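Trainee: Here you go, this is query22.txt (compact mmCIF, C-alpha atoms).
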# COMPACT_ATOMS: atom_id res chain seq x y z
CA MET A 1 200.72 170.80 157.37
CA THR A 2 203.92 169.88 155.52
CA ASN A 3 206.21 167.29 157.03
CA PRO A 4 209.67 168.91 157.31
CA TYR A 5 211.26 165.44 157.33
CA ALA A 6 209.61 164.23 154.13
CA LYS A 7 212.14 163.33 151.47
CA THR A 8 211.62 164.65 147.95
CA ILE A 9 212.12 161.95 145.34
CA ILE A 10 213.35 163.07 141.92
CA SER A 11 211.36 161.35 139.18
CA LEU A 12 212.31 160.47 135.63
CA SER A 13 210.13 163.38 134.52
CA ASP A 14 212.12 165.77 136.70
CA ALA A 15 215.36 164.56 135.10
CA ILE A 16 214.02 164.65 131.54
CA MET A 17 212.63 168.15 131.96
CA SER A 18 215.92 169.31 133.45
CA LEU A 19 217.72 168.09 130.34
CA ASN A 20 215.10 169.29 127.81
CA SER A 21 212.25 171.44 129.04
CA ASN A 22 210.45 171.04 125.70
CA ALA A 23 210.61 167.24 125.61
CA LYS A 24 207.44 165.33 124.77
CA TYR A 25 207.43 161.77 126.07
CA ARG A 26 205.51 159.12 127.94
CA TYR A 27 206.32 156.12 130.06
CA GLU A 28 204.50 153.65 132.25
CA GLY A 29 204.92 152.59 135.82
CA ALA A 30 204.36 153.81 139.33
CA ASP A 31 206.87 155.34 141.74
CA GLY A 32 208.56 157.60 139.22
CA GLY A 33 208.12 155.47 136.12
CA ASP A 34 209.79 152.66 134.25
CA ILE A 35 212.54 153.97 131.97
CA SER A 36 212.34 150.84 129.81
CA THR A 37 208.88 151.97 128.64
CA LEU A 38 210.00 155.50 127.68
CA GLN A 39 208.69 156.68 124.31
CA TRP A 40 209.63 159.99 122.69
CA LEU A 41 206.76 161.88 121.06
CA ASP A 42 206.35 164.68 118.50
CA ASP A 43 209.84 164.32 117.02
CA THR A 44 211.55 164.98 120.36
CA THR A 45 215.25 164.17 120.09
CA PRO A 46 215.80 161.14 122.33
CA ILE A 47 217.92 161.45 125.45
CA SER A 48 219.85 158.33 126.37
CA ASN A 49 218.67 156.35 129.37
CA ALA A 50 222.16 156.70 130.87
CA ASP A 51 221.98 160.51 130.62
CA ILE A 52 218.50 160.57 132.17
CA LEU A 53 219.55 158.34 135.06
CA ALA A 54 222.72 160.38 135.63
CA GLU A 55 220.67 163.58 135.75
CA GLN A 56 218.16 161.96 138.10
CA LYS A 57 221.02 161.01 140.43
CA ARG A 58 222.57 164.49 140.21
CA LEU A 59 219.26 166.16 141.07
CA GLN A 60 218.58 163.66 143.87
CA ASP A 61 222.04 164.32 145.35
CA ILE A 62 221.27 168.06 145.38
CA GLU A 63 217.89 167.44 147.01
CA ASP A 64 219.35 165.08 149.61
CA ALA A 65 221.99 167.66 150.56
CA LYS A 66 219.33 170.22 151.55
Using the file provided, produce a representation of the structure as structure tokens.

Mentor:
Amino acid sequence: MTNPYAKTIISLSDAIMSLNSNAKYRYEGADGGDISTLQWLDDTTPISNADILAEQKRLQDIEDAK
């Protein structure tokens, strides 16, 4: 049974994929990851940490408003 009060947390992966659905990357860390360990793979054009964090916040704000 799904908890209707459970809060969805937007991860770094959610934000990266929202900005570039073809991005290849990896990072370490629990609870959504550690952006300081982000590595771009397979010639993926890097996205700035600031842009990723801004997108994560934007998506979280949308989720929180539901």

Trainee: Pick out the residues sitting within 12 Å of Gly29 in chain A, and hand them over as a list in words; count all atoms listed in the file, and ignore anything fewer than 4 positions along from it in its own chain.

Mentor: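 Answer for this query is Ser11, Leu12, Gly33, Asp34, Ile35, Ser36, Thr37 and Leu38 of chain A.
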
Trainee: Identify, on the basis of all atoms listed in the file, every residue whose closest approach to Tyr25 in chain A does not exceed 8 Å; exclude the query and any residue fewer than 2 positions from it along the same chain; express the result as a PyMOL selection string.

Mentor: chain A and resi 23+27+38-41+44

Trainee: Let's have the selection written as an mmCIF file, keeping the file's coordinate frame, with C-alpha atoms.

Mentor:
data_model
loop_
_atom_site.group_PDB
_atom_site.id
_atom_site.type_symbol
_atom_site.label_atom_id
_atom_site.label_comp_id
_atom_site.auth_asym_id
_atom_site.auth_seq_id
_atom_site.Cartn_x
_atom_site.Cartn_y
_atom_site.Cartn_z
ATOM 1 C CA ALA A 23 210.610 167.240 125.610
ATOM 2 C CA TYR A 27 206.320 156.120 130.060
ATOM 3 C CA LEU A 38 210.000 155.500 127.680
ATOM 4 C CA GLN A 39 208.690 156.680 124.310
ATOM 5 C CA TRP A 40 209.630 159.990 122.690
ATOM 6 C CA LEU A 41 206.760 161.880 121.060
ATOM 7 C CA THR A 44 211.550 164.980 120.360
#

Trainee: Mind giving me the straight-line distance from CA of Ala54 in chain A to CA of Ala15 in chain A in Å, one decimal?

Mentor: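 Answer for the CA of Ala54 in chain A to CA of Ala15 in chain A separation: 8.5 Å.
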
Trainee: Enumerate, in order of chain and increasing residue number, the residues of range 4-45 of chain A with an atom no farther than 10 Å from range 61-66 of chain A, each with its shortest atom pair and distance in Å to one decimal, counting all atoms listed in the file, as a tab-separated table.

Mentor:
residue	atom	partner	partner_atom	distance
A:Lys7	CA	A:Asp64	CA	7.6
A:Thr8	CA	A:Glu63	CA	6.9
A:Ile9	CA	A:Glu63	CA	8.1
A:Ile10	CA	A:Glu63	CA	8.1

Trainee: Could you please determine the separation between CA of Arg58 in chain A and CA of Ala6 in chain A in Å, to one decimal place?

Mentor: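 So the two atoms, CA of Arg58 in chain A and CA of Ala6 in chain A, lie 19.0 Å apart.
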
Trainee: Counting only C-alpha atoms, which of A:Leu59, A:Asp42, A:Tyr5, A:Ile52 gets nearest to Asn20 in chain A?

Mentor: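 Among A:Leu59, A:Asp42, A:Tyr5, A:Ile52, it is A:Ile52 that comes nearest to Asn20 in chain A.
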
Trainee: Provide the CA of Lys57 in chain A to CA of Asp14 in chain A distance in Å, to one decimal place.

Mentor: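 Between CA of Lys57 in chain A and CA of Asp14 in chain A the gap is 10.8 Å.
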